[in-house]
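Chemist: My file is my_file32.txt. It has compact mmCIF, N, CA and C atoms:
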# COMPACT_ATOMS: atom_id res chain seq x y z
N MET A 1 37.16 -8.83 136.18
CA MET A 1 37.46 -8.37 137.53
C MET A 1 37.61 -9.60 138.42
N ASN A 2 38.64 -9.58 139.27
CA ASN A 2 38.80 -10.70 140.18
C ASN A 2 37.84 -10.56 141.37
N VAL A 3 37.80 -11.60 142.18
CA VAL A 3 36.84 -11.64 143.29
C VAL A 3 37.07 -10.48 144.27
N ILE A 4 38.32 -10.19 144.57
CA ILE A 4 38.61 -9.12 145.53
C ILE A 4 38.17 -7.77 144.97
N ALA A 5 38.44 -7.51 143.69
CA ALA A 5 38.01 -6.25 143.06
C ALA A 5 36.49 -6.17 143.03
N THR A 6 35.84 -7.28 142.78
CA THR A 6 34.37 -7.31 142.76
C THR A 6 33.82 -6.96 144.14
N GLU A 7 34.44 -7.51 145.18
CA GLU A 7 34.01 -7.20 146.55
C GLU A 7 34.27 -5.73 146.88
N ALA A 8 35.42 -5.22 146.46
CA ALA A 8 35.74 -3.81 146.71
C ALA A 8 34.72 -2.91 146.02
N LEU A 9 34.40 -3.22 144.76
CA LEU A 9 33.42 -2.42 144.03
C LEU A 9 32.07 -2.44 144.74
N GLY A 10 31.66 -3.60 145.22
CA GLY A 10 30.40 -3.70 145.96
C GLY A 10 30.39 -2.82 147.20
N GLU A 11 31.51 -2.81 147.91
CA GLU A 11 31.59 -1.99 149.13
C GLU A 11 31.60 -0.51 148.78
N VAL A 12 32.31 -0.12 147.73
CA VAL A 12 32.32 1.29 147.31
C VAL A 12 30.92 1.71 146.90
N ARG A 13 30.26 0.89 146.11
CA ARG A 13 28.90 1.23 145.66
C ARG A 13 27.95 1.35 146.85
N ARG A 14 28.06 0.43 147.82
CA ARG A 14 27.19 0.45 149.00
C ARG A 14 27.40 1.73 149.80
N GLN A 15 28.66 2.02 150.12
CA GLN A 15 28.94 3.20 150.94
C GLN A 15 28.58 4.49 150.22
N ALA A 16 28.87 4.56 148.93
CA ALA A 16 28.51 5.77 148.16
C ALA A 16 27.00 5.93 148.11
N GLY A 17 26.29 4.82 147.96
CA GLY A 17 24.83 4.88 147.93
C GLY A 17 24.24 5.39 149.24
N LEU A 18 24.98 5.18 150.33
CA LEU A 18 24.55 5.67 151.65
C LEU A 18 25.07 7.09 151.92
N GLY A 19 25.79 7.65 150.94
CA GLY A 19 26.34 9.00 151.12
C GLY A 19 27.57 9.04 151.99
N ARG A 20 28.21 7.90 152.19
CA ARG A 20 29.39 7.82 153.05
C ARG A 20 30.66 8.00 152.22
N VAL A 21 30.83 9.22 151.73
CA VAL A 21 31.99 9.56 150.88
C VAL A 21 32.65 10.82 151.44
N GLN A 22 33.95 10.76 151.60
CA GLN A 22 34.74 11.91 152.03
C GLN A 22 35.70 12.26 150.90
N PHE A 23 36.14 13.51 150.85
CA PHE A 23 37.02 13.98 149.79
C PHE A 23 38.29 14.56 150.38
N SER A 24 39.43 14.07 149.92
CA SER A 24 40.71 14.65 150.35
C SER A 24 40.86 16.02 149.69
N GLY A 25 41.75 16.84 150.22
CA GLY A 25 42.02 18.14 149.62
C GLY A 25 42.51 17.98 148.19
N HIS A 26 43.35 17.00 147.96
CA HIS A 26 43.85 16.74 146.60
C HIS A 26 42.70 16.41 145.66
N ALA A 27 41.77 15.60 146.12
CA ALA A 27 40.62 15.23 145.28
C ALA A 27 39.79 16.48 144.95
N ARG A 28 39.56 17.34 145.94
CA ARG A 28 38.78 18.55 145.68
C ARG A 28 39.49 19.44 144.64
N ASP A 29 40.82 19.52 144.73
CA ASP A 29 41.58 20.31 143.74
C ASP A 29 41.42 19.72 142.34
N ARG A 30 41.54 18.38 142.21
CA ARG A 30 41.41 17.74 140.90
C ARG A 30 39.98 17.89 140.37
N MET A 31 38.99 17.84 141.26
CA MET A 31 37.60 18.01 140.84
C MET A 31 37.40 19.40 140.25
N ARG A 32 37.93 20.42 140.91
CA ARG A 32 37.82 21.79 140.39
C ARG A 32 38.48 21.89 139.02
N GLU A 33 39.67 21.32 138.88
CA GLU A 33 40.39 21.37 137.60
C GLU A 33 39.61 20.70 136.48
N ARG A 34 38.89 19.65 136.81
CA ARG A 34 38.22 18.84 135.80
C ARG A 34 36.73 19.14 135.67
N GLY A 35 36.24 20.09 136.47
CA GLY A 35 34.84 20.47 136.40
C GLY A 35 33.88 19.41 136.93
N ALA A 36 34.36 18.57 137.85
CA ALA A 36 33.53 17.53 138.45
C ALA A 36 32.98 18.02 139.79
N THR A 37 31.73 17.73 140.07
CA THR A 37 31.11 18.08 141.34
C THR A 37 31.11 16.87 142.27
N LYS A 38 30.79 17.12 143.54
CA LYS A 38 30.66 16.01 144.48
C LYS A 38 29.58 15.04 144.01
N ASN A 39 28.48 15.57 143.47
CA ASN A 39 27.42 14.70 142.97
C ASN A 39 27.90 13.83 141.81
N ASP A 40 28.77 14.39 140.94
CA ASP A 40 29.34 13.59 139.85
C ASP A 40 30.13 12.41 140.40
N VAL A 41 30.97 12.69 141.37
CA VAL A 41 31.84 11.65 141.94
C VAL A 41 31.01 10.60 142.68
N VAL A 42 30.08 11.04 143.49
CA VAL A 42 29.23 10.09 144.23
C VAL A 42 28.44 9.22 143.26
N SER A 43 27.93 9.81 142.19
CA SER A 43 27.21 9.03 141.18
C SER A 43 28.11 7.98 140.56
N ALA A 44 29.34 8.38 140.20
CA ALA A 44 30.28 7.43 139.59
C ALA A 44 30.59 6.29 140.54
N LEU A 45 30.74 6.59 141.82
CA LEU A 45 31.06 5.54 142.80
C LEU A 45 29.84 4.66 143.08
N ALA A 46 28.69 5.26 143.24
CA ALA A 46 27.47 4.50 143.56
C ALA A 46 27.05 3.60 142.39
N ASN A 47 27.43 3.98 141.18
CA ASN A 47 27.06 3.23 139.98
C ASN A 47 28.28 2.66 139.27
N GLY A 48 29.35 2.46 140.03
CA GLY A 48 30.61 2.01 139.46
C GLY A 48 30.46 0.77 138.59
N THR A 49 31.19 0.76 137.48
CA THR A 49 31.14 -0.37 136.55
C THR A 49 32.44 -1.14 136.49
N SER A 50 33.54 -0.54 136.96
CA SER A 50 34.81 -1.28 136.99
C SER A 50 35.62 -0.84 138.20
N CYS A 51 36.46 -1.76 138.64
CA CYS A 51 37.29 -1.52 139.82
C CYS A 51 38.58 -2.29 139.64
N LYS A 52 39.69 -1.59 139.84
CA LYS A 52 41.01 -2.22 139.74
C LYS A 52 41.83 -1.79 140.93
N ALA A 53 42.70 -2.69 141.38
CA ALA A 53 43.60 -2.36 142.48
C ALA A 53 44.53 -1.24 142.04
N ALA A 54 44.77 -0.30 142.94
CA ALA A 54 45.71 0.79 142.71
C ALA A 54 46.79 0.71 143.79
N GLU A 55 47.79 1.50 143.64
CA GLU A 55 48.92 1.51 144.56
C GLU A 55 48.49 1.82 145.99
N GLY A 56 49.15 1.21 146.95
CA GLY A 56 48.93 1.53 148.36
C GLY A 56 47.63 1.04 148.94
N GLY A 57 47.05 -0.04 148.39
CA GLY A 57 45.81 -0.57 148.93
C GLY A 57 44.58 0.22 148.54
N LYS A 58 44.72 1.08 147.55
CA LYS A 58 43.59 1.88 147.08
C LYS A 58 42.96 1.20 145.87
N TRP A 59 41.83 1.76 145.44
CA TRP A 59 41.09 1.20 144.32
C TRP A 59 40.78 2.28 143.29
N LYS A 60 40.90 1.93 142.01
CA LYS A 60 40.55 2.83 140.91
C LYS A 60 39.16 2.39 140.44
N VAL A 61 38.17 3.25 140.67
CA VAL A 61 36.77 2.94 140.35
C VAL A 61 36.27 3.86 139.25
N THR A 62 35.66 3.27 138.23
CA THR A 62 35.09 4.04 137.13
C THR A 62 33.60 3.80 137.06
N GLY A 63 32.86 4.88 136.81
CA GLY A 63 31.41 4.78 136.66
C GLY A 63 30.88 6.06 136.05
N PRO A 64 29.58 6.09 135.76
CA PRO A 64 28.98 7.27 135.12
C PRO A 64 28.72 8.40 136.11
N ASP A 65 29.10 9.63 135.69
CA ASP A 65 28.76 10.80 136.51
C ASP A 65 27.29 11.13 136.27
N ILE A 66 26.81 12.25 136.78
CA ILE A 66 25.38 12.56 136.66
C ILE A 66 24.95 12.83 135.23
N ASP A 67 25.91 13.13 134.34
CA ASP A 67 25.59 13.32 132.92
C ASP A 67 25.77 12.04 132.11
N GLY A 68 26.18 10.95 132.75
CA GLY A 68 26.39 9.69 132.07
C GLY A 68 27.78 9.51 131.49
N ASP A 69 28.67 10.49 131.72
CA ASP A 69 30.05 10.39 131.24
C ASP A 69 30.88 9.60 132.25
N ASP A 70 31.81 8.77 131.75
CA ASP A 70 32.67 8.01 132.66
C ASP A 70 33.57 8.93 133.46
N LEU A 71 33.66 8.66 134.74
CA LEU A 71 34.53 9.38 135.66
C LEU A 71 35.28 8.33 136.46
N THR A 72 36.57 8.53 136.66
CA THR A 72 37.37 7.59 137.43
C THR A 72 37.88 8.28 138.68
N ALA A 73 37.79 7.58 139.81
CA ALA A 73 38.28 8.09 141.09
C ALA A 73 39.14 7.03 141.74
N VAL A 74 40.17 7.47 142.41
CA VAL A 74 40.96 6.57 143.23
C VAL A 74 40.47 6.75 144.65
N VAL A 75 40.13 5.63 145.29
CA VAL A 75 39.54 5.69 146.62
C VAL A 75 40.23 4.73 147.58
N ALA A 76 40.11 5.06 148.85
CA ALA A 76 40.51 4.18 149.93
C ALA A 76 39.23 3.78 150.65
N ILE A 77 39.11 2.52 150.98
CA ILE A 77 37.93 2.05 151.71
C ILE A 77 38.30 2.00 153.19
N GLU A 78 37.68 2.89 153.95
CA GLU A 78 37.92 2.96 155.39
C GLU A 78 36.56 2.90 156.07
N ASP A 79 36.32 3.71 157.09
CA ASP A 79 34.98 3.77 157.69
C ASP A 79 33.99 4.31 156.66
N ASP A 80 34.46 5.23 155.83
CA ASP A 80 33.73 5.76 154.69
C ASP A 80 34.61 5.52 153.47
N VAL A 81 34.08 5.80 152.29
CA VAL A 81 34.90 5.79 151.09
C VAL A 81 35.60 7.14 151.06
N VAL A 82 36.91 7.14 150.99
CA VAL A 82 37.68 8.38 150.93
C VAL A 82 38.20 8.54 149.51
N VAL A 83 37.76 9.60 148.84
CA VAL A 83 38.20 9.87 147.48
C VAL A 83 39.56 10.55 147.57
N VAL A 84 40.56 9.94 146.93
CA VAL A 84 41.91 10.44 146.98
C VAL A 84 42.19 11.36 145.79
N THR A 85 41.74 10.96 144.60
CA THR A 85 41.90 11.79 143.42
C THR A 85 40.84 11.43 142.40
N VAL A 86 40.68 12.30 141.40
CA VAL A 86 39.67 12.13 140.37
C VAL A 86 40.30 12.46 139.04
N PHE A 87 39.98 11.64 138.02
CA PHE A 87 40.42 11.96 136.66
C PHE A 87 39.47 11.42 135.65
Using the file provided, produce a representation of the structure as structure tokens.

Modeler:
Amino acid sequence: MNVIATEALGEVRRQAGLGRVQFSGHARDRMRERGATKNDVVSALANGTSCKAAEGGKWKVTGPDIDGDDLTAVVAIEDDVVVVTVF
């Protein structure tokens, strides 16, 4: 991971740990399709293990959900972490 991705991951983990996560409508739809809960996504973000730049200034963050399974979310870092999609 490069320095910028490492910094982004740190910020995502910090904000998720504080509960500062919002979900777009698209993300909520993908969560329903994939059987992921808000707690799963927040866990994956708060305990993220990898972060890569995604299109449009967003970040692809992967981490363990509450069952320990890897979950990946695309997020935008704003005032809060905004979850754009989940897969």

Chemist: Pick the closest to Ser43 of chain A from A:Ala8, A:Ala73, A:Pro64, A:Leu18: which is it, counting only N, CA and C atoms?

Modeler: A:Pro64

Chemist: Here is a test: counting only C-alpha atoms, which residue of A:Ala36, A:Val74, A:Val83, A:Ala5 is nearest to Thr62 of chain A?

Modeler: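 Closest to Thr62 of chain A, using only C-alpha atoms: A:Val74.
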
Chemist: Residues proximal to (35.0, -3.1, 151.5) were defined as those with any atom within 7 Å of that point in the file's coordinates, counting only C-alpha atoms. Which are they, as a compact mmCIF listing (two decimals) with N, CA and C atoms, in the frame of the given file?

Modeler:
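In the end it all went to out-v1.txt:
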# COMPACT_ATOMS: atom_id res chain seq x y z
N GLU A 7 34.44 -7.51 145.18
CA GLU A 7 34.01 -7.20 146.55
C GLU A 7 34.27 -5.73 146.88
N ALA A 8 35.42 -5.22 146.46
CA ALA A 8 35.74 -3.81 146.71
C ALA A 8 34.72 -2.91 146.02
N GLU A 11 31.51 -2.81 147.91
CA GLU A 11 31.59 -1.99 149.13
C GLU A 11 31.60 -0.51 148.78
N VAL A 12 32.31 -0.12 147.73
CA VAL A 12 32.32 1.29 147.31
C VAL A 12 30.92 1.71 146.90
N ILE A 77 39.11 2.52 150.98
CA ILE A 77 37.93 2.05 151.71
C ILE A 77 38.30 2.00 153.19

Chemist: Give as a list in words every residue, naming chains and numbers as the document does, that has an atom within 8 Å of (36.8, 4.0, 151.8), counting all atoms listed in the file.

Modeler: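 Every polymer residue passing the test: Glu11, Val12, Gln15, Arg20, Val21, Gln22, Val75, Ala76, Ile77, Glu78, Asp79, Asp80, Val81, Val82 and Val83 of chain A.
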
Chemist: Go ahead and write the residues just picked, N, CA and C atoms, as a short mmCIF file (atom, residue, chain, number, x, y, z; two decimals), in the coordinates of the input.

Modeler:
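Listed below is the output, again06.cif:
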data_model
loop_
_atom_site.label_atom_id
_atom_site.label_comp_id
_atom_site.auth_asym_id
_atom_site.auth_seq_id
_atom_site.Cartn_x
_atom_site.Cartn_y
_atom_site.Cartn_z
N GLU A 11 31.51 -2.81 147.91
CA GLU A 11 31.59 -1.99 149.13
C GLU A 11 31.60 -0.51 148.78
N VAL A 12 32.31 -0.12 147.73
CA VAL A 12 32.32 1.29 147.31
C VAL A 12 30.92 1.71 146.90
N GLN A 15 28.66 2.02 150.12
CA GLN A 15 28.94 3.20 150.94
C GLN A 15 28.58 4.49 150.22
N ARG A 20 28.21 7.90 152.19
CA ARG A 20 29.39 7.82 153.05
C ARG A 20 30.66 8.00 152.22
N VAL A 21 30.83 9.22 151.73
CA VAL A 21 31.99 9.56 150.88
C VAL A 21 32.65 10.82 151.44
N GLN A 22 33.95 10.76 151.60
CA GLN A 22 34.74 11.91 152.03
C GLN A 22 35.70 12.26 150.90
N VAL A 75 40.13 5.63 145.29
CA VAL A 75 39.54 5.69 146.62
C VAL A 75 40.23 4.73 147.58
N ALA A 76 40.11 5.06 148.85
CA ALA A 76 40.51 4.18 149.93
C ALA A 76 39.23 3.78 150.65
N ILE A 77 39.11 2.52 150.98
CA ILE A 77 37.93 2.05 151.71
C ILE A 77 38.30 2.00 153.19
N GLU A 78 37.68 2.89 153.95
CA GLU A 78 37.92 2.96 155.39
C GLU A 78 36.56 2.90 156.07
N ASP A 79 36.32 3.71 157.09
CA ASP A 79 34.98 3.77 157.69
C ASP A 79 33.99 4.31 156.66
N ASP A 80 34.46 5.23 155.83
CA ASP A 80 33.73 5.76 154.69
C ASP A 80 34.61 5.52 153.47
N VAL A 81 34.08 5.80 152.29
CA VAL A 81 34.90 5.79 151.09
C VAL A 81 35.60 7.14 151.06
N VAL A 82 36.91 7.14 150.99
CA VAL A 82 37.68 8.38 150.93
C VAL A 82 38.20 8.54 149.51
N VAL A 83 37.76 9.60 148.84
CA VAL A 83 38.20 9.87 147.48
C VAL A 83 39.56 10.55 147.57
#

Chemist: Quick one: distance from atom N of Ala44 of chain A to atom C of Arg13 of chain A in Å, one decimal?

Modeler: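 Going from atom N of Ala44 of chain A over to atom C of Arg13 of chain A, I get 9.8 Å.
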
Chemist: Let me make sure I understand: among A:Ile66, A:Thr85, A:Ala54, A:Asn47, which one has the smallest atom-to-atom distance to Gly17 of chain A if we use all atoms listed in the file?

Modeler: A:Asn47

Chemist: From a DSSP pass on the backbone, collect the residues of chain A flagged as strand (DSSP E or B) and hand them back as a ChimeraX atom specification.

Modeler: /A:21-23,50-54,58-64,70-77,81-86

Chemist: Just to confirm, what's the straight-line distance from atom N of Asp40 of chain A to atom CA of Asp65 of chain A in Å (one decimal)?

Modeler: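 For atom N of Asp40 of chain A relative to atom CA of Asp65 of chain A, the distance reads 5.7 Å.
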
Chemist: How many Å lie between atom N of Asp69 of chain A and atom C of Ser50 of chain A, rounded to one decimal?

Modeler: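 Separation between atom N of Asp69 of chain A and atom C of Ser50 of chain A: 14.8 Å.
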
Chemist: Using only N, CA and C atoms, which residues sit within 8 Å of Ala53 of chain A once same-chain residues fewer than 6 positions away are excluded, as a PyMOL selection string?

Modeler: chain A and resi 4-5+59-61

Chemist: Please, what is the axis-aligned box for every listed atom of segment 13-25 of chain A with 3 Å on each side, as centre and edge lengths in Å to one decimal, as lines of an AutoDock Vina configuration file?

Modeler:
center_x = 33.4
center_y = 9.3
center_z = 149.4
size_x = 24.3
size_y = 23.7
size_z = 13.4

Chemist: Could you find all residues in segment 30-87 of chain A that DSSP calls helix (DSSP H, G or I) from the backbone, and write them as a ChimeraX atom specification?

Modeler: /A:30-34,38-46,55-57

Chemist: Determine the nearest neighbour of Arg30 of chain A from the options A:Cys51, A:Val84, A:Leu71, A:Ala16, counting all atoms listed in the file.

Modeler: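 Once distances to Arg30 of chain A are computed over all atoms listed in the file, the minimum belongs to A:Val84.
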
Chemist: Check the smallest atom-to-atom distance from each of A:Gly35, A:Gly25, A:Gly48, A:Gly19 to Gly63 of chain A using only C-alpha atoms, then report the winner.

Modeler: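 Among A:Gly35, A:Gly25, A:Gly48, A:Gly19, it is A:Gly48 that comes nearest to Gly63 of chain A.
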